[in-house]
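Trainee: Okay, so here is run.cif, and as you'll see once you scroll down, it has mmCIF, C-alpha atoms and all ligand atoms.
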```
data_structure
loop_
_atom_site.label_atom_id
_atom_site.label_comp_id
_atom_site.auth_asym_id
_atom_site.auth_seq_id
_atom_site.Cartn_x
_atom_site.Cartn_y
_atom_site.Cartn_z
CA MET A 1 57.88 28.37 -21.09
CA THR A 2 57.92 30.67 -24.10
CA PHE A 3 59.42 29.85 -27.46
CA HIS A 4 59.23 33.14 -29.28
CA GLY A 5 62.10 35.16 -28.07
CA GLY A 6 61.32 35.22 -24.36
CA PRO A 7 63.47 33.50 -21.73
CA ASP A 8 63.15 29.69 -21.67
CA GLY A 9 65.17 29.03 -18.54
CA GLY A 10 68.38 28.26 -20.48
CA PRO A 11 71.31 30.53 -21.28
CA GLU A 12 70.69 33.22 -23.91
CA PRO A 13 70.79 31.48 -27.31
CA ARG A 14 73.58 32.66 -29.60
CA TYR A 15 71.20 32.50 -32.55
CA ASP A 16 67.46 32.89 -32.11
CA PHE A 17 65.39 31.53 -35.00
CA SER A 18 62.34 31.20 -32.73
CA SER A 19 61.19 34.82 -32.82
CA ASN A 20 59.58 36.18 -35.97
CA ALA A 21 60.76 39.71 -35.23
CA ASN A 22 62.54 41.39 -38.14
CA ALA A 23 66.14 40.21 -37.77
CA LEU A 24 67.44 43.52 -39.14
CA GLY A 25 65.78 45.48 -36.35
CA PRO A 26 65.26 47.31 -34.16
CA ASN A 27 64.08 50.11 -36.41
CA PRO A 28 66.27 53.11 -35.41
CA VAL A 29 63.57 55.64 -36.37
CA LEU A 30 61.21 54.11 -33.81
CA LEU A 31 63.87 53.76 -31.14
CA ALA A 32 64.64 57.47 -31.48
CA ALA A 33 60.94 58.40 -31.31
CA MET A 34 60.46 56.35 -28.13
CA ARG A 35 63.53 57.93 -26.53
CA ARG A 36 62.04 61.36 -27.18
CA ALA A 37 58.71 60.41 -25.54
CA ASP A 38 57.87 62.37 -22.38
CA LEU A 39 57.68 59.69 -19.70
CA SER A 40 57.13 62.23 -16.93
CA ARG A 41 53.41 62.52 -17.69
CA TYR A 42 50.47 60.17 -18.10
CA PRO A 43 49.51 59.60 -21.71
CA ASP A 44 46.10 60.90 -22.83
CA PRO A 45 43.80 58.05 -21.66
CA SER A 46 41.57 58.53 -24.71
CA TYR A 47 44.60 58.34 -27.06
CA GLY A 48 42.81 60.95 -29.20
CA ALA A 49 45.81 62.27 -31.15
CA LEU A 50 47.18 58.77 -31.71
CA ARG A 51 43.84 57.54 -33.02
CA GLU A 52 43.75 60.51 -35.44
CA VAL A 53 47.21 59.67 -36.79
CA LEU A 54 46.40 55.97 -37.28
CA ALA A 55 43.02 56.83 -38.80
CA ALA A 56 44.61 59.20 -41.33
CA HIS A 57 47.18 56.53 -42.23
CA HIS A 58 44.48 53.91 -42.88
CA ARG A 59 41.85 56.37 -44.21
CA VAL A 60 39.24 55.36 -41.64
CA PRO A 61 37.39 57.39 -38.98
CA ALA A 62 39.39 57.94 -35.78
CA GLU A 63 36.45 56.51 -33.84
CA SER A 64 37.04 53.07 -35.39
CA VAL A 65 40.65 52.81 -34.13
CA VAL A 66 41.31 50.95 -30.86
CA PRO A 67 44.85 51.07 -29.45
CA GLY A 68 45.90 48.19 -27.21
CA SER A 69 48.78 46.78 -25.22
CA GLY A 70 49.88 44.58 -28.12
CA ALA A 71 47.70 42.59 -30.50
CA SER A 72 47.48 39.83 -27.87
CA GLU A 73 45.73 42.10 -25.39
CA LEU A 74 43.24 43.13 -28.10
CA ILE A 75 42.62 39.46 -28.99
CA HIS A 76 41.71 38.84 -25.34
CA ARG A 77 39.52 41.95 -25.27
CA LEU A 78 37.67 40.78 -28.39
CA ALA A 79 37.04 37.29 -27.00
CA ARG A 80 35.80 38.71 -23.70
CA LEU A 81 33.49 41.16 -25.35
CA ARG A 82 31.96 38.86 -27.98
CA ARG A 83 31.06 36.32 -25.25
CA GLY A 84 30.73 33.27 -27.49
CA PRO A 85 32.72 30.59 -29.31
CA VAL A 86 36.09 31.60 -30.78
CA LEU A 87 36.86 30.06 -34.18
CA THR A 88 40.38 29.53 -35.56
CA LEU A 89 41.93 27.87 -38.61
CA GLU A 90 44.67 25.57 -37.28
CA PRO A 91 47.58 25.48 -37.01
CA THR A 92 47.74 29.12 -36.06
CA PHE A 93 48.77 31.64 -33.39
CA GLY A 94 47.97 30.16 -29.98
CA GLU A 95 46.71 33.34 -28.33
CA TYR A 96 43.28 33.02 -30.00
CA ALA A 97 42.67 29.71 -28.19
CA GLY A 98 44.24 31.19 -25.05
CA ALA A 99 41.80 34.10 -25.19
CA ALA A 100 38.87 31.67 -25.54
CA ARG A 101 40.08 29.79 -22.45
CA ALA A 102 40.55 33.01 -20.48
CA ALA A 103 37.08 34.24 -21.48
CA GLY A 104 35.52 30.88 -20.58
CA VAL A 105 34.09 30.33 -24.06
CA ARG A 106 34.37 27.41 -26.48
CA HIS A 107 37.26 27.17 -28.94
CA LEU A 108 36.24 25.87 -32.37
CA ALA A 109 39.33 24.65 -34.23
CA ALA A 110 38.87 24.26 -37.98
CA ARG A 111 41.51 22.27 -39.87
CA THR A 112 40.61 23.39 -43.39
CA PRO A 113 39.19 26.55 -44.96
CA ALA A 114 35.99 24.65 -45.84
CA GLU A 115 35.56 23.58 -42.22
CA PHE A 116 36.27 27.17 -41.11
CA LEU A 117 33.44 28.42 -43.33
CA ASP A 118 31.05 25.82 -41.93
CA LEU A 119 31.96 26.58 -38.31
CA LEU A 120 31.48 30.32 -38.85
CA ASP A 121 27.78 29.64 -38.31
CA GLU A 122 28.51 28.75 -34.67
CA ALA A 123 31.19 31.34 -33.90
CA ALA A 124 30.88 34.67 -32.10
CA VAL A 125 34.34 35.73 -33.24
CA ALA A 126 36.73 34.16 -35.76
CA PHE A 127 40.43 34.84 -36.30
CA LEU A 128 42.46 34.52 -39.49
CA ALA A 129 46.13 35.44 -39.40
CA GLN A 130 47.01 36.93 -42.78
CA PRO A 131 49.67 35.66 -43.46
CA ASN A 132 49.28 32.80 -41.04
CA ASN A 133 51.67 31.92 -38.23
CA PRO A 134 53.33 29.34 -38.29
CA THR A 135 52.61 28.28 -41.90
CA GLY A 136 53.33 31.61 -43.61
CA GLU A 137 50.28 30.91 -45.78
CA VAL A 138 48.37 33.83 -47.31
CA TRP A 139 44.63 33.22 -47.53
CA GLY A 140 43.30 33.82 -51.05
CA ASP A 141 40.74 36.34 -52.21
CA ALA A 142 37.88 33.94 -52.81
CA PHE A 143 38.16 32.34 -49.35
CA VAL A 144 38.45 35.59 -47.40
CA ARG A 145 35.53 37.14 -49.27
CA GLU A 146 33.39 34.07 -48.65
CA ALA A 147 34.36 34.14 -44.96
CA ALA A 148 33.49 37.83 -44.67
CA GLY A 149 30.12 37.30 -46.36
CA ARG A 150 29.19 34.41 -44.08
CA ALA A 151 30.40 36.18 -40.94
CA ALA A 152 28.30 39.23 -41.84
CA ARG A 153 25.19 37.11 -42.47
CA ARG A 154 25.64 35.28 -39.15
CA GLY A 155 26.62 38.31 -37.07
CA ALA A 156 30.03 36.83 -36.22
CA GLY A 157 33.05 39.11 -35.85
CA LEU A 158 35.76 38.19 -38.37
CA VAL A 159 39.23 39.40 -37.40
CA PHE A 160 42.17 39.56 -39.80
CA ASP A 161 45.36 39.50 -37.78
CA LEU A 162 47.85 41.43 -39.92
CA ALA A 163 50.87 40.97 -37.64
CA TYR A 164 52.97 39.65 -40.54
CA ALA A 165 51.35 41.53 -43.42
CA PRO A 166 54.18 44.14 -43.49
CA LEU A 167 56.67 41.24 -43.68
CA ALA A 168 54.87 39.42 -46.50
CA GLU A 169 56.33 39.08 -49.96
CA VAL A 170 52.93 39.37 -51.62
CA PRO A 171 50.05 41.75 -50.93
CA VAL A 172 47.47 40.23 -48.60
CA SER A 173 43.74 40.42 -49.08
CA VAL A 174 41.41 41.79 -46.37
CA PRO A 175 37.71 42.12 -47.17
CA GLU A 176 35.43 44.98 -46.16
CA GLY A 177 33.42 44.56 -42.99
CA ALA A 178 36.11 42.70 -41.02
CA TYR A 179 38.19 43.77 -38.03
CA ARG A 180 41.83 44.50 -38.87
CA LEU A 181 44.40 43.86 -36.17
CA TYR A 182 47.89 45.39 -36.37
CA ALA A 183 50.95 44.28 -34.38
CA PRO A 184 53.79 46.43 -35.78
CA ASN A 185 56.39 45.38 -33.21
CA LYS A 186 57.38 42.29 -35.24
CA ALA A 187 57.98 44.06 -38.54
CA HIS A 188 60.12 46.68 -36.80
CA GLY A 189 62.11 44.25 -34.66
CA LEU A 190 60.74 45.66 -31.40
CA THR A 191 58.74 42.87 -29.77
CA GLY A 192 59.67 44.25 -26.34
CA VAL A 193 57.31 47.13 -27.10
CA ARG A 194 53.79 46.15 -26.12
CA ALA A 195 51.60 48.11 -28.51
CA GLY A 196 49.15 47.24 -31.27
CA TYR A 197 45.83 48.47 -32.59
CA LEU A 198 42.60 47.31 -34.07
CA ILE A 199 40.41 48.88 -36.73
CA ALA A 200 36.82 47.86 -36.05
CA PRO A 201 34.25 47.59 -38.85
CA SER A 202 32.03 50.14 -37.11
CA GLU A 203 32.46 53.02 -34.69
CA ASN A 204 29.92 51.39 -32.39
CA LEU A 205 31.94 48.16 -32.11
CA ALA A 206 35.12 50.18 -31.59
CA ALA A 207 33.50 52.21 -28.81
CA ARG A 208 32.57 49.01 -26.97
CA LEU A 209 36.14 47.73 -27.26
CA VAL A 210 37.56 51.04 -26.06
CA ARG A 211 35.23 51.00 -23.05
CA ALA A 212 36.33 47.43 -22.21
CA ALA A 213 39.95 48.57 -21.70
CA PRO A 214 41.43 49.48 -18.36
CA SER A 215 42.74 53.06 -18.31
CA TRP A 216 46.13 53.85 -19.86
CA VAL A 217 46.56 50.52 -21.61
CA ILE A 218 49.71 51.81 -23.31
CA GLY A 219 52.36 54.21 -22.11
CA ALA A 220 53.90 57.29 -23.68
CA ALA A 221 56.75 55.35 -25.31
CA GLU A 222 54.23 53.00 -26.93
CA VAL A 223 52.16 55.96 -28.13
CA ALA A 224 55.31 57.35 -29.79
CA PHE A 225 55.98 53.91 -31.32
CA LEU A 226 52.49 53.55 -32.80
CA ARG A 227 52.41 57.13 -34.12
CA THR A 228 55.84 56.94 -35.68
CA GLN A 229 55.46 53.51 -37.30
CA ALA A 230 52.69 55.02 -39.45
CA GLY A 231 55.11 57.65 -40.81
CA THR A 232 57.27 57.46 -43.92
CA GLY A 233 60.63 57.36 -42.09
CA ALA A 234 59.78 54.18 -40.20
CA ARG A 235 58.07 52.57 -43.17
CA ASN A 236 60.97 53.31 -45.50
CA TRP A 237 63.34 51.59 -43.09
CA LEU A 238 61.07 48.54 -43.04
CA ARG A 239 60.70 48.47 -46.83
CA GLY A 240 64.48 48.59 -47.14
CA THR A 241 64.90 45.46 -45.01
CA LEU A 242 62.51 43.22 -46.96
CA PRO A 243 64.74 42.13 -49.87
CA THR A 244 67.43 41.01 -47.41
CA LEU A 245 64.93 39.20 -45.18
CA PHE A 246 63.44 37.33 -48.15
CA ALA A 247 66.92 36.40 -49.44
CA TRP A 248 67.81 35.06 -45.96
CA ARG A 249 64.53 33.13 -45.82
CA ARG A 250 65.26 31.52 -49.19
CA ARG A 251 68.80 30.62 -48.09
CA LEU A 252 67.44 29.10 -44.88
CA ALA A 253 64.86 27.06 -46.81
CA GLY A 254 67.50 25.96 -49.34
CA LEU A 255 69.97 24.96 -46.63
CA LEU A 256 67.36 22.72 -44.98
CA ARG A 257 66.06 21.23 -48.25
CA GLU A 258 69.65 20.38 -49.31
CA ARG A 259 69.95 18.34 -46.12
CA GLY A 260 66.77 16.43 -46.91
CA TYR A 261 64.33 18.18 -44.56
CA ALA A 262 60.80 18.92 -45.74
CA VAL A 263 60.19 22.67 -45.74
CA GLN A 264 57.08 24.79 -45.99
CA GLU A 265 58.08 28.22 -47.21
CA GLY A 266 55.30 30.79 -46.97
CA ALA A 267 55.19 34.46 -47.86
CA ALA A 268 56.53 35.98 -44.63
CA ASN A 269 59.95 36.09 -42.94
CA PHE A 270 59.78 32.58 -41.48
CA ILE A 271 59.44 28.97 -42.60
CA MET A 272 58.36 25.62 -41.19
CA ALA A 273 60.69 22.64 -41.42
CA ARG A 274 60.33 18.98 -40.50
CA LEU A 275 63.49 18.73 -38.42
CA GLY A 276 62.31 15.84 -36.21
CA GLU A 277 60.93 15.70 -32.71
CA ASP A 278 64.23 16.10 -30.83
CA ALA A 279 65.64 18.88 -33.03
CA ALA A 280 64.70 21.87 -30.85
CA ALA A 281 66.44 20.44 -27.76
CA PHE A 282 69.47 19.33 -29.80
CA LEU A 283 69.89 22.78 -31.34
CA ARG A 284 69.18 24.57 -28.05
CA ALA A 285 72.07 22.70 -26.43
CA ARG A 286 74.27 24.17 -29.20
CA GLY A 287 73.14 27.75 -28.69
CA LEU A 288 70.45 27.87 -31.37
CA ARG A 289 66.78 28.28 -30.64
CA VAL A 290 63.94 27.26 -32.98
CA ARG A 291 60.21 27.21 -32.26
CA PRO A 292 58.98 23.59 -31.89
CA LEU A 293 55.42 23.11 -33.15
CA ALA A 294 54.34 20.09 -31.06
CA ASP A 295 51.76 22.24 -29.26
CA LYS A 296 50.16 22.91 -32.64
CA GLY A 297 49.80 19.21 -33.42
CA LEU A 298 53.00 19.11 -35.52
CA PRO A 299 55.49 17.21 -33.31
CA ASP A 300 58.14 16.78 -36.05
CA TRP A 301 58.06 20.36 -37.20
CA ALA A 302 59.68 23.59 -36.09
CA ARG A 303 59.31 27.21 -37.14
CA LEU A 304 62.44 29.18 -38.02
CA SER A 305 62.73 32.85 -38.90
CA ALA A 306 65.02 34.42 -41.52
CA GLN A 307 68.37 35.14 -39.88
CA PRO A 308 71.75 36.50 -41.06
CA PRO A 309 74.43 34.36 -42.74
CA LYS A 310 76.37 33.80 -39.49
CA ALA A 311 73.31 32.24 -37.87
CA LEU A 312 72.69 30.12 -40.98
CA ALA A 313 76.28 28.86 -40.87
CA ALA A 314 75.85 27.92 -37.20
CA LEU A 315 72.61 26.10 -38.02
CA ALA A 316 74.27 24.23 -40.89
CA ALA A 317 77.17 23.17 -38.62
CA ALA A 318 74.81 21.95 -35.89
CA LEU A 319 72.76 19.94 -38.41
CA GLU A 320 75.97 18.36 -39.80
CA GLU A 321 76.78 17.20 -36.30
CA ARG A 322 73.31 15.73 -35.92
CA ALA A 323 73.37 13.86 -39.25
C1 LIG B 401 49.80 36.19 -35.72
C2 LIG B 401 50.22 36.93 -34.50
N1 LIG B 401 49.45 37.91 -34.02
C3 LIG B 401 49.78 38.61 -32.92
C4 LIG B 401 50.95 38.33 -32.23
C5 LIG B 401 51.26 39.08 -30.97
O1 LIG B 401 51.38 40.41 -31.19
P1 LIG B 401 51.74 41.40 -29.98
O2 LIG B 401 53.20 41.25 -29.70
O3 LIG B 401 51.41 42.75 -30.54
O4 LIG B 401 50.90 41.02 -28.82
C6 LIG B 401 51.79 37.33 -32.69
C7 LIG B 401 53.03 37.04 -31.94
O5 LIG B 401 53.71 36.08 -32.10
C8 LIG B 401 51.42 36.60 -33.84
O6 LIG B 401 52.18 35.62 -34.30
#
```
In structure tokens, what does this structure look like?
Ligand SMILES: Cc1ncc(COP(=O)(O)O)c(C=O)c1O
Mentor:
Amino acid sequence: MTFHGGPDGGPEPRYDFSSNANALGPNPVLLAAMRRADLSRYPDPSYGALREVLAAHHRVPAESVVPGSGASELIHRLARLRRGPVLTLEPTFGEYAGAARAAGVRHLAARTPAEFLDLLDEAAVAFLAQPNNPTGEVWGDAFVREAAGRAARRGAGLVFDLAYAPLAEVPVSVPEGAYRLYAPNKAHGLTGVRAGYLIAPSENLAARLVRAAPSWVIGAAEVAFLRTQAGTGARNWLRGTLPTLFAWRRRLAGLLRERGYAVQEGAANFIMARLGEDAAAFLRARGLRVRPLADKGLPDWARLSAQPPKALAALAAALEERA
């Protein structure tokens, strides 16, 4: 069963707070670019032109850019290739642990930044979501620099997952020498598009990751998506949505706090709230979907994304009924 916007066996929810995709999407600039893509031909299997465009956008060599079939696929590729323990800072995105399982390597789950730093000594690859999912927390400068220093000394790969960085209210810090993972489908409200990319700290590491991919990992529409999201038209659309998303997030947090629920409001377009263990099922039966966090060791908590006023009104009405 999936909880982040995929089918869960029930009828389509009227209001979906469970997906962190930009609720003002899909980005029309990207939709138009994908419609123009020539689907009658194979894409270039080396993705040369795409890598050039992404490299110019990030001011890195094209040889350090690795396109993938979504950030999740790249997370799995990294875990497979590094062939050693995968370290995470919990609670966080579950695909890192899933990739460790799939690769048959140990999963080291730190609960605090200090523990994460200690466990870096044992890790082959470590993931930090910046900002984190589901907490919305942005890891501070001192911690990320310390983590990068230790990882470099120990030869561990440190990966900053920047899936929510374009949806963060504050700039996020990423040190030199780390992998940077991009998953633009969330910020542009297009999670049905399976395309992401990684910037590796060296061309040699990138080449190994590229070689580990099956051919044609992404199709022509995804190539158009990744190229175009780096352009000003797509980015301007995204920038224009942020004030509304943050206002909706604040209203959502306020609505829940007013009703006595504990809320953790991070920097991105979603929050965590202590709605109680039965809340997800209760709300689902009323056409609203939230993301329960029991699988992350937080049985009372749920994650909810910023949604428009109509959805907030429906949530408020359902919670009144529950009270
Ligand atoms: C932190 C984080 N990284 C990556 C992903 C997945 O990205 P993609 O859709 O590109 O596989 C998610 C999806 O929920 C996420 O929360």
Trainee: Can you work out which one of A:Gly177, A:Gly157, A:Pro91, A:Gly196 has the shortest atom-to-atom distance to ligand LIG 401 (chain B), counting all atoms listed in the file?
Mentor: A:Gly196
Trainee: One decimal, in Å: what's the spacing between CA of Val217 (chain A) and CA of Pro184 (chain A)?
Mentor: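 Result for CA of Val217 (chain A) versus CA of Pro184 (chain A): 16.4 Å, one decimal.
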Trainee: Per residue of chain A within 6 Å of ligand LIG 401 (chain B), note the shortest atom pair and the distance in Å to one decimal, counting only C-alpha atoms and all ligand atoms, and order the rows by chain and increasing residue number, as CSV.
Mentor:
```
residue,atom,partner,partner_atom,distance
A:Gly70,CA,B:LIG401,O3,3.4
A:Ala71,CA,B:LIG401,O3,3.7
A:Ser72,CA,B:LIG401,O4,3.7
A:Phe93,CA,B:LIG401,C1,5.2
A:Ala129,CA,B:LIG401,C1,5.3
A:Asn133,CA,B:LIG401,C1,5.3
A:Asp161,CA,B:LIG401,N1,5.8
A:Ala163,CA,B:LIG401,N1,4.9
A:Ala183,CA,B:LIG401,O3,4.2
A:Thr191,CA,B:LIG401,O2,5.8
A:Ala195,CA,B:LIG401,O3,5.7
A:Gly196,CA,B:LIG401,O3,5.1
```
Trainee: Would you list the contacts of region 231-245 of chain A as a ChimeraX atom specification, taking every protein, DNA or RNA residue within 10 Å and counting only C-alpha atoms, but skipping same-chain residues closer than 6 positions in sequence?
Mentor: /A:22-31,33,53-54,57,166-169,187-189,225,251,268-270,305-308
Trainee: Which of these, A:Gln229, A:Asn132, A:Asn185, A:Ser215, has the shortest distance to Gly94 (chain A) once you count only C-alpha atoms?
Mentor: A:Asn132
Trainee: State, in Å with one decimal place, the distance from CA of Pro43 (chain A) to CA of Ala56 (chain A).
Mentor: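 Separation of CA of Pro43 (chain A) and CA of Ala56 (chain A): 20.2 Å.
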Trainee: Go ahead and find all residues with at least one atom no further than 8 Å from (47.8, 24.9, -34.9) in the file's coordinates, using only C-alpha atoms; report them as a PDB file with C-alpha atoms, in the coordinates of the input.
Mentor:
```
ATOM      1  CA  LEU A  89      41.930  27.870 -38.610  1.00  0.00           C
ATOM      2  CA  GLU A  90      44.670  25.570 -37.280  1.00  0.00           C
ATOM      3  CA  PRO A  91      47.580  25.480 -37.010  1.00  0.00           C
ATOM      4  CA  THR A  92      47.740  29.120 -36.060  1.00  0.00           C
ATOM      5  CA  PHE A  93      48.770  31.640 -33.390  1.00  0.00           C
ATOM      6  CA  GLY A  94      47.970  30.160 -29.980  1.00  0.00           C
ATOM      7  CA  PRO A 134      53.330  29.340 -38.290  1.00  0.00           C
ATOM      8  CA  ASP A 295      51.760  22.240 -29.260  1.00  0.00           C
ATOM      9  CA  LYS A 296      50.160  22.910 -32.640  1.00  0.00           C
ATOM     10  CA  GLY A 297      49.800  19.210 -33.420  1.00  0.00           C
ATOM     11  CA  LEU A 298      53.000  19.110 -35.520  1.00  0.00           C
TER      12      LEU A 298
END
```
Trainee: Considering only C-alpha atoms, return as a VMD selection string whatever protein or nucleic-acid residues lie within 8 Å of Leu288 (chain A), sequence-local ones (same chain, fewer than 4 positions apart) excluded.
Mentor: chain A and resid 13 to 17 283 to 284 314 to 315
Trainee: Take the residues just selected and output them with C-alpha atoms as a PDB file, in the coordinates of the input.
Mentor:
```pdb
ATOM      1  CA  PRO A  13      70.790  31.480 -27.310  1.00  0.00           C
ATOM      2  CA  ARG A  14      73.580  32.660 -29.600  1.00  0.00           C
ATOM      3  CA  TYR A  15      71.200  32.500 -32.550  1.00  0.00           C
ATOM      4  CA  ASP A  16      67.460  32.890 -32.110  1.00  0.00           C
ATOM      5  CA  PHE A  17      65.390  31.530 -35.000  1.00  0.00           C
ATOM      6  CA  LEU A 283      69.890  22.780 -31.340  1.00  0.00           C
ATOM      7  CA  ARG A 284      69.180  24.570 -28.050  1.00  0.00           C
ATOM      8  CA  ALA A 314      75.850  27.920 -37.200  1.00  0.00           C
ATOM      9  CA  LEU A 315      72.610  26.100 -38.020  1.00  0.00           C
TER      10      LEU A 315
END
```
